[in-house]
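> One structure, as structure tokens, below. Some questions next.
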Amino acid sequence: MGQELMTPAQIADICDGRDKAIALWLGLYDTYHATRDEAARLTLGGALSLSCGRDWTEDTLTRAFIQSQPIEQRDKETGARQTIAARDNFERVLTHTMDRRCWAALMEQLGFDQLLDQQARKEFHDGLRDDPVPFTPDNCAATFGNIWTNRRDLYLRGIANVFAKLDRRFRSHNGFKIGARLIIDRALNEWGSWDRYERRDTLRDVERVFLELDEKPPVSEGHSIASQVADSARVRGSLPTVIEGDYFRVRVFKNGNLHIWFERDDLLQSVNLLLAEYYGEAIGDGYETTEAEAAPAYHITPAKNFGAFMTSPEIAAQVIEHARISTGQRVLEPSAGKAALASAARNAGADVTCVELQPGFAHELRVIHGFADAIEGDFLALDPAHYAPFDAVIMNPPFDRGRDCDHVRHALAFLKPGGVLVAIMSARAEYGEDQRHKALHRMIAGCEAIYFHGRKWIDLPPGSFAHAGTNVNTVLLAIRKPG
């Protein structure tokens, strides 16, 4: 990550060159059309024109250059048709073409393309397609200054996205285990080629990360681990076979599955540290052990900072949608906090009971948010026998050291048979293997998925809690109680 940001003077010189290049092309346009018209006046045969076919694949810049008659265009926003002079249209097409090239070239020259993850690179290049932002000093300073300022976060996010795409377990950095086997199903087709190229690209990205951490340059496509995998898979008679690489040991099977082991414990540890830096330890997702290993005993102490990471309106809307909250339902929200979920459920017509451990928030639930049934206390200390069963439980429990597992298991006891529970949980919750998580998995094994093609675990978008100061990945657990 040794990129150097250009000075404002350097950026200004580049933009000035862009402006001069556009002026030269416009001068050439004027000269071409003036020459064509003068030649037409002088010759008996009339005007001669260069031609350009109508095929959509033809160069739009060439077509605009030779166009001499006004053109009609439809405004994208209003739909109204407007007439544009041929020279104005050429200037527009020329400017867009020049700006696309300048943005892409400067991005590559600065090395910033390597700072962006796959998603950010796609968004950047997609933004150049139709109406690219003008390539001006101010816009360059804003765009590249933002990338430079956030380069560490972008670098870390890129690593996190690489491993999250490789396997859903890696959405939580706790998914890494030294010597653990990773299985990629149906990576290759029956001819030994990649069945889906994003699998190949993801494996290439993983190799790139390890090369960077090992302070080595990128390898060519032909020498990559992905290429070695494909080459071995084409020799069908030798399968299954094992490929030994510097960073991976890959077993290739005839059915196209890949079993991958990480071979460098030191680099794997470095990846873990980078992921921990990105995801953050703020909500306790990075712990290795739990209190009370003989779960199902619940934690008896509050989460660090009470686990107060508030739900955004967008995520609250998803919870309500998955829970299918409707008018007249009795809904429980444990750890109600600032009422994001409770208010959304009430707006959907539900009668909501809130529980909140922190006195200040409990007071706000009653006085500011108007929830008459707001219980101040520890949800885990409440006895479900003292309450009529609820139609639904919606919750964003504390994640710290597996407390989300405790809260979900306890919440199920408050549901009536057939009632639904939708909980925001750490991505670790789906795959955690300590006793606390195993206790949760045993309990929900007898529950049904609400819908969504039978899936109980639903990924929330990356960065769903960035507003609360953490990048940890989260999921929804959406289940129906038997009965």
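Ordering of the structure tokens sets the chain letters (A, B, ...); residue numbers start at 1 within each chain; ligands are numbered from 1 in the order shown.
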Please report, as a PyMOL selection string, each residue of stretch 309-467 of chain A to which DSSP assigns helix (DSSP H, G or I) when run on this structure's backbone.
chain A and resi 313-323+340-347+359-367+379-381+384-386+400-412+428-431+435-444+466-467
> Taking 5 positions as the minimum chain separation for residues in the same chain, which residues sit within 9 Å of stretch 365-381 of chain A when counting only C-alpha atoms? Answer as a list of chain:residue names.
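Contacts, with the query itself left out: A:Tyr298, A:His299, A:Ile300, A:Pro302, A:Pro334, A:Ser335, A:Ala336, A:Gly337, A:Lys338, A:Ala339, A:Ala342, A:Ser343, A:Val352, A:Thr353, A:Cys354, A:Val355, A:Glu356, A:Leu357, A:Gln358, A:Pro359, A:Gly360, A:Asp406, A:His407, A:His410, A:Ala411.
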> Which polymer residues have any atom within 7 Å of an atom of A:Cys405, counting only C-alpha atoms, with same-chain residues fewer than 4 positions away left out, as a PyMOL selection string?
chain A and resi 409+436-437+440
> Excluding same-chain residues fewer than 3 positions from A:Asp195, what lies within 12 Å of it counting only C-alpha atoms, as a short mmCIF file (atom, residue, chain, number, x, y, z; two decimals) with all heavy atoms, in the first residue's frame?

data_model
loop_
_atom_site.label_atom_id
_atom_site.label_comp_id
_atom_site.auth_asym_id
_atom_site.auth_seq_id
_atom_site.Cartn_x
_atom_site.Cartn_y
_atom_site.Cartn_z
N ILE A 184 -15.67 -26.10 -1.48
CA ILE A 184 -16.39 -25.32 -2.48
C ILE A 184 -17.13 -26.31 -3.38
O ILE A 184 -16.50 -27.06 -4.14
CB ILE A 184 -15.44 -24.44 -3.32
CG1 ILE A 184 -14.59 -23.54 -2.42
CG2 ILE A 184 -16.23 -23.61 -4.32
CD1 ILE A 184 -13.68 -22.62 -3.19
N ASP A 185 -18.44 -26.32 -3.27
CA ASP A 185 -19.25 -27.26 -4.05
C ASP A 185 -19.37 -26.83 -5.51
O ASP A 185 -19.53 -25.65 -5.80
CB ASP A 185 -20.65 -27.38 -3.44
CG ASP A 185 -20.64 -28.01 -2.06
OD1 ASP A 185 -19.78 -28.87 -1.84
OD2 ASP A 185 -21.49 -27.63 -1.23
N ARG A 186 -19.28 -27.81 -6.42
CA ARG A 186 -19.53 -27.61 -7.85
C ARG A 186 -18.75 -26.42 -8.41
O ARG A 186 -19.26 -25.61 -9.16
CB ARG A 186 -21.03 -27.43 -8.11
CG ARG A 186 -21.85 -28.64 -7.72
CD ARG A 186 -23.32 -28.44 -8.03
NE ARG A 186 -23.88 -27.30 -7.32
CZ ARG A 186 -24.29 -27.34 -6.07
NH1 ARG A 186 -24.20 -28.45 -5.36
NH2 ARG A 186 -24.79 -26.27 -5.50
N ALA A 187 -17.49 -26.34 -8.02
CA ALA A 187 -16.65 -25.26 -8.54
C ALA A 187 -16.29 -25.47 -9.99
O ALA A 187 -16.14 -24.51 -10.76
CB ALA A 187 -15.38 -25.15 -7.70
N LEU A 188 -16.17 -26.75 -10.42
CA LEU A 188 -15.76 -27.08 -11.78
C LEU A 188 -16.84 -27.91 -12.47
O LEU A 188 -17.56 -28.66 -11.81
CB LEU A 188 -14.44 -27.86 -11.75
CG LEU A 188 -13.27 -27.15 -11.05
CD1 LEU A 188 -12.17 -28.15 -10.72
CD2 LEU A 188 -12.73 -26.03 -11.92
N ASN A 189 -16.90 -27.78 -13.79
CA ASN A 189 -17.88 -28.57 -14.53
C ASN A 189 -17.28 -29.91 -14.97
O ASN A 189 -16.12 -30.22 -14.65
CB ASN A 189 -18.44 -27.79 -15.72
CG ASN A 189 -17.35 -27.40 -16.71
OD1 ASN A 189 -16.34 -28.09 -16.86
ND2 ASN A 189 -17.57 -26.29 -17.40
N GLU A 190 -18.03 -30.68 -15.72
CA GLU A 190 -17.59 -32.03 -16.09
C GLU A 190 -16.40 -32.03 -17.04
O GLU A 190 -15.74 -33.06 -17.23
CB GLU A 190 -18.74 -32.79 -16.74
CG GLU A 190 -19.32 -32.11 -17.98
CD GLU A 190 -20.54 -32.84 -18.52
OE1 GLU A 190 -20.41 -34.05 -18.79
OE2 GLU A 190 -21.60 -32.21 -18.65
N TRP A 191 -16.07 -30.89 -17.64
CA TRP A 191 -14.91 -30.81 -18.53
C TRP A 191 -13.68 -30.25 -17.82
O TRP A 191 -12.64 -30.07 -18.44
CB TRP A 191 -15.24 -29.95 -19.75
CG TRP A 191 -16.36 -30.52 -20.56
CD1 TRP A 191 -16.30 -31.58 -21.43
CD2 TRP A 191 -17.71 -30.08 -20.54
NE1 TRP A 191 -17.52 -31.83 -21.96
CE2 TRP A 191 -18.43 -30.92 -21.44
CE3 TRP A 191 -18.41 -29.07 -19.89
CZ2 TRP A 191 -19.79 -30.77 -21.67
CZ3 TRP A 191 -19.76 -28.92 -20.11
CH2 TRP A 191 -20.44 -29.76 -20.99
N GLY A 192 -13.83 -29.94 -16.54
CA GLY A 192 -12.71 -29.42 -15.78
C GLY A 192 -12.56 -27.91 -15.82
O GLY A 192 -11.58 -27.37 -15.31
N GLU A 198 -17.00 -16.53 -10.96
CA GLU A 198 -16.77 -15.81 -9.71
C GLU A 198 -16.09 -16.68 -8.68
O GLU A 198 -15.37 -16.18 -7.80
CB GLU A 198 -18.09 -15.25 -9.15
CG GLU A 198 -19.12 -16.30 -8.76
CD GLU A 198 -20.11 -16.56 -9.88
OE1 GLU A 198 -19.75 -16.31 -11.04
OE2 GLU A 198 -21.23 -17.00 -9.58
N ARG A 199 -16.27 -18.02 -8.78
CA ARG A 199 -15.54 -18.92 -7.88
C ARG A 199 -14.04 -18.84 -8.17
O ARG A 199 -13.21 -18.80 -7.26
CB ARG A 199 -16.03 -20.36 -8.06
CG ARG A 199 -17.53 -20.55 -7.83
CD ARG A 199 -17.84 -20.85 -6.39
NE ARG A 199 -19.26 -21.06 -6.16
CZ ARG A 199 -19.79 -22.21 -5.81
NH1 ARG A 199 -19.02 -23.27 -5.68
NH2 ARG A 199 -21.08 -22.31 -5.59
N ARG A 200 -13.70 -18.86 -9.45
CA ARG A 200 -12.29 -18.73 -9.83
C ARG A 200 -11.73 -17.39 -9.38
O ARG A 200 -10.63 -17.32 -8.80
CB ARG A 200 -12.15 -18.86 -11.35
CG ARG A 200 -10.71 -18.71 -11.86
CD ARG A 200 -10.67 -18.31 -13.32
NE ARG A 200 -11.26 -16.99 -13.52
CZ ARG A 200 -11.46 -16.45 -14.71
NH1 ARG A 200 -11.15 -17.11 -15.80
NH2 ARG A 200 -11.99 -15.23 -14.82
N ASP A 201 -12.46 -16.31 -9.64
CA ASP A 201 -11.97 -14.98 -9.30
C ASP A 201 -11.80 -14.83 -7.79
O ASP A 201 -10.86 -14.17 -7.33
CB ASP A 201 -12.94 -13.91 -9.83
CG ASP A 201 -12.97 -13.87 -11.35
OD1 ASP A 201 -12.01 -14.38 -11.98
OD2 ASP A 201 -13.95 -13.33 -11.91
N ALA A 230 -7.72 -25.89 -12.39
CA ALA A 230 -8.42 -26.19 -13.65
C ALA A 230 -7.62 -27.15 -14.52
O ALA A 230 -8.18 -28.06 -15.14
CB ALA A 230 -8.71 -24.89 -14.40
N ALA A 233 -7.97 -30.64 -13.20
CA ALA A 233 -9.33 -31.17 -13.35
C ALA A 233 -9.60 -31.66 -14.76
O ALA A 233 -10.49 -32.50 -14.97
CB ALA A 233 -10.35 -30.10 -12.96
N ASN A 255 -16.51 -34.72 -9.19
CA ASN A 255 -17.80 -34.04 -9.20
C ASN A 255 -17.67 -32.52 -9.21
O ASN A 255 -18.67 -31.80 -9.15
CB ASN A 255 -18.65 -34.48 -8.00
CG ASN A 255 -18.00 -34.15 -6.66
OD1 ASN A 255 -16.94 -33.51 -6.60
ND2 ASN A 255 -18.63 -34.60 -5.59
N GLY A 256 -16.42 -32.03 -9.28
CA GLY A 256 -16.20 -30.59 -9.36
C GLY A 256 -16.01 -29.91 -8.02
O GLY A 256 -15.75 -28.71 -7.96
N ASN A 257 -16.13 -30.66 -6.93
CA ASN A 257 -15.93 -30.08 -5.60
C ASN A 257 -14.44 -29.88 -5.31
O ASN A 257 -13.59 -30.66 -5.77
CB ASN A 257 -16.53 -30.97 -4.51
CG ASN A 257 -18.05 -31.01 -4.59
OD1 ASN A 257 -18.66 -30.24 -5.32
ND2 ASN A 257 -18.67 -31.90 -3.83
#
> Got a sec to tell me which of stretch 208-260 of chain A DSSP assigns to strand (DSSP E), as a list in words?
Thr241, Val242, Ile243, Glu244, Phe248, Arg249, Val250, Arg251, Val252, Leu258, His259 and Ile260 of chain A
> Atom CA of A:Tyr451 and atom CA of A:Ala385 are how many Å apart?
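A separation of 28.7 Å between them.
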> Near stretch 206-218 of chain A, counting only C-alpha atoms, which residues have an atom at most 8 Å away, once you skip same-chain residues fewer than 4 positions from it, shown as a list of chain:residue names?
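Everything that qualifies: A:Ile159, A:Val162, A:Phe163, A:Thr202, A:Ser224, A:Ile225, A:Tyr247, A:Leu267, A:Ser270.
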> Restricting the output to N, CA and C atoms, write the selected residues as a PDB file, in the first residue's frame.

ATOM      1  N   ILE A 159     -10.416  -7.373   1.882  1.00  0.00           N
ATOM      2  CA  ILE A 159     -10.039  -8.686   2.408  1.00  0.00           C
ATOM      3  C   ILE A 159     -11.262  -9.388   2.993  1.00  0.00           C
ATOM      4  N   VAL A 162     -13.508 -10.735   0.258  1.00  0.00           N
ATOM      5  CA  VAL A 162     -12.945 -11.895  -0.418  1.00  0.00           C
ATOM      6  C   VAL A 162     -13.309 -13.174   0.309  1.00  0.00           C
ATOM      7  N   PHE A 163     -13.078 -13.200   1.612  1.00  0.00           N
ATOM      8  CA  PHE A 163     -13.308 -14.436   2.356  1.00  0.00           C
ATOM      9  C   PHE A 163     -14.797 -14.671   2.607  1.00  0.00           C
ATOM     10  N   THR A 202     -12.711 -15.417  -7.032  1.00  0.00           N
ATOM     11  CA  THR A 202     -12.605 -15.332  -5.582  1.00  0.00           C
ATOM     12  C   THR A 202     -11.369 -16.066  -5.083  1.00  0.00           C
ATOM     13  N   SER A 224      -1.375 -19.165 -11.414  1.00  0.00           N
ATOM     14  CA  SER A 224      -2.205 -19.024 -10.220  1.00  0.00           C
ATOM     15  C   SER A 224      -2.694 -20.381  -9.735  1.00  0.00           C
ATOM     16  N   ILE A 225      -3.107 -20.430  -8.471  1.00  0.00           N
ATOM     17  CA  ILE A 225      -3.653 -21.673  -7.921  1.00  0.00           C
ATOM     18  C   ILE A 225      -4.931 -22.051  -8.662  1.00  0.00           C
ATOM     19  N   TYR A 247       0.474 -21.647  -0.450  1.00  0.00           N
ATOM     20  CA  TYR A 247      -0.467 -21.208   0.583  1.00  0.00           C
ATOM     21  C   TYR A 247      -1.649 -22.145   0.768  1.00  0.00           C
ATOM     22  N   LEU A 267       0.430 -16.632   8.052  1.00  0.00           N
ATOM     23  CA  LEU A 267      -0.346 -15.720   7.209  1.00  0.00           C
ATOM     24  C   LEU A 267      -1.824 -15.781   7.559  1.00  0.00           C
ATOM     25  N   SER A 270      -2.279 -13.540  10.319  1.00  0.00           N
ATOM     26  CA  SER A 270      -2.292 -12.146   9.858  1.00  0.00           C
ATOM     27  C   SER A 270      -3.646 -11.770   9.280  1.00  0.00           C
TER      28      SER A 270
END
> So the first atom is atom CA of A:Gln69 and the second is atom CA of A:Thr83; what is the distance between them in Å, to one decimal place?
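Answer for the atom CA of A:Gln69 to atom CA of A:Thr83 separation: 10.2 Å.
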> Between A:Leu412, A:Ala164, A:Val252, A:Val93, which one has atoms that come closest to A:Lys481, using only C-alpha atoms?
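Closest to A:Lys481, using only C-alpha atoms: A:Leu412.
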> For A:Pro8, which residue out of A:Glu244, A:Asp138, A:Glu108, A:Asp99 is the nearest one, using only C-alpha atoms?
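Closest residue, counting only C-alpha atoms: A:Asp138.
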> Could you name the residues that touch stretch 329-332 of chain A at 9 Å or less, counting only C-alpha atoms, but leaving out those on the same chain fewer than 6 positions away, as a PDB file with N, CA and C atoms, in the first residue's frame?

ATOM      1  N   ALA A 342     -39.542  -1.891  18.048  1.00  0.00           N
ATOM      2  CA  ALA A 342     -40.854  -1.775  18.693  1.00  0.00           C
ATOM      3  C   ALA A 342     -41.747  -0.785  17.952  1.00  0.00           C
ATOM      4  N   ALA A 345     -42.965  -2.257  14.679  1.00  0.00           N
ATOM      5  CA  ALA A 345     -44.030  -3.240  14.899  1.00  0.00           C
ATOM      6  C   ALA A 345     -45.345  -2.546  15.244  1.00  0.00           C
ATOM      7  N   ARG A 346     -45.268  -1.504  16.066  1.00  0.00           N
ATOM      8  CA  ARG A 346     -46.491  -0.763  16.416  1.00  0.00           C
ATOM      9  C   ARG A 346     -47.086  -0.099  15.178  1.00  0.00           C
ATOM     10  N   GLY A 349     -49.333  -2.192  13.340  1.00  0.00           N
ATOM     11  CA  GLY A 349     -50.605  -2.512  13.973  1.00  0.00           C
ATOM     12  C   GLY A 349     -50.524  -3.440  15.160  1.00  0.00           C
ATOM     13  N   ALA A 350     -49.310  -3.777  15.615  1.00  0.00           N
ATOM     14  CA  ALA A 350     -49.154  -4.739  16.708  1.00  0.00           C
ATOM     15  C   ALA A 350     -49.266  -4.068  18.069  1.00  0.00           C
ATOM     16  N   ASP A 351     -49.621  -4.865  19.070  1.00  0.00           N
ATOM     17  CA  ASP A 351     -49.608  -4.462  20.480  1.00  0.00           C
ATOM     18  C   ASP A 351     -48.271  -4.933  21.040  1.00  0.00           C
ATOM     19  N   VAL A 352     -47.370  -3.994  21.363  1.00  0.00           N
ATOM     20  CA  VAL A 352     -45.974  -4.324  21.641  1.00  0.00           C
ATOM     21  C   VAL A 352     -45.652  -4.218  23.124  1.00  0.00           C
ATOM     22  N   THR A 353     -44.997  -5.249  23.651  1.00  0.00           N
ATOM     23  CA  THR A 353     -44.424  -5.233  24.991  1.00  0.00           C
ATOM     24  C   THR A 353     -42.912  -5.121  24.855  1.00  0.00           C
ATOM     25  N   CYS A 354     -42.319  -4.153  25.566  1.00  0.00           N
ATOM     26  CA  CYS A 354     -40.885  -3.911  25.494  1.00  0.00           C
ATOM     27  C   CYS A 354     -40.218  -4.327  26.803  1.00  0.00           C
ATOM     28  N   VAL A 355     -38.984  -4.792  26.688  1.00  0.00           N
ATOM     29  CA  VAL A 355     -38.140  -5.062  27.857  1.00  0.00           C
ATOM     30  C   VAL A 355     -36.829  -4.338  27.641  1.00  0.00           C
ATOM     31  N   PRO A 389     -48.537 -16.087  26.253  1.00  0.00           N
ATOM     32  CA  PRO A 389     -47.649 -16.293  25.102  1.00  0.00           C
ATOM     33  C   PRO A 389     -47.878 -15.246  24.012  1.00  0.00           C
ATOM     34  N   PHE A 390     -46.797 -14.865  23.352  1.00  0.00           N
ATOM     35  CA  PHE A 390     -46.835 -13.832  22.318  1.00  0.00           C
ATOM     36  C   PHE A 390     -46.962 -14.456  20.930  1.00  0.00           C
ATOM     37  N   ASP A 391     -47.519 -13.662  20.007  1.00  0.00           N
ATOM     38  CA  ASP A 391     -47.610 -14.096  18.615  1.00  0.00           C
ATOM     39  C   ASP A 391     -46.247 -14.045  17.926  1.00  0.00           C
ATOM     40  N   ALA A 392     -45.426 -13.080  18.341  1.00  0.00           N
ATOM     41  CA  ALA A 392     -44.133 -12.904  17.683  1.00  0.00           C
ATOM     42  C   ALA A 392     -43.132 -12.272  18.644  1.00  0.00           C
ATOM     43  N   VAL A 393     -41.871 -12.587  18.442  1.00  0.00           N
ATOM     44  CA  VAL A 393     -40.766 -11.928  19.130  1.00  0.00           C
ATOM     45  C   VAL A 393     -39.848 -11.370  18.060  1.00  0.00           C
ATOM     46  N   ILE A 394     -39.543 -10.088  18.166  1.00  0.00           N
ATOM     47  CA  ILE A 394     -38.570  -9.460  17.272  1.00  0.00           C
ATOM     48  C   ILE A 394     -37.471  -8.898  18.153  1.00  0.00           C
ATOM     49  N   MET A 395     -36.198  -9.062  17.760  1.00  0.00           N
ATOM     50  CA  MET A 395     -35.155  -8.720  18.714  1.00  0.00           C
ATOM     51  C   MET A 395     -33.812  -8.438  18.052  1.00  0.00           C
ATOM     52  N   ALA A 411     -36.060 -16.337  24.544  1.00  0.00           N
ATOM     53  CA  ALA A 411     -37.217 -15.712  23.889  1.00  0.00           C
ATOM     54  C   ALA A 411     -38.189 -16.747  23.346  1.00  0.00           C
ATOM     55  N   PHE A 414     -41.240 -17.565  25.319  1.00  0.00           N
ATOM     56  CA  PHE A 414     -42.312 -16.578  25.423  1.00  0.00           C
ATOM     57  C   PHE A 414     -43.284 -16.666  24.245  1.00  0.00           C
ATOM     58  N   LEU A 415     -42.988 -17.508  23.280  1.00  0.00           N
ATOM     59  CA  LEU A 415     -43.827 -17.611  22.089  1.00  0.00           C
ATOM     60  C   LEU A 415     -44.935 -18.648  22.259  1.00  0.00           C
TER      61      LEU A 415
END
> Any idea what the distance is between atom CA of A:Met425 and atom CA of A:His322?
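Distance reported for this atom pair: 14.4 Å.
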> Measuring atom to atom with only C-alpha atoms, identify which of A:Val472, A:Asn347, A:Ile147, A:Lys456 is nearest to A:Asn161.
A:Val472
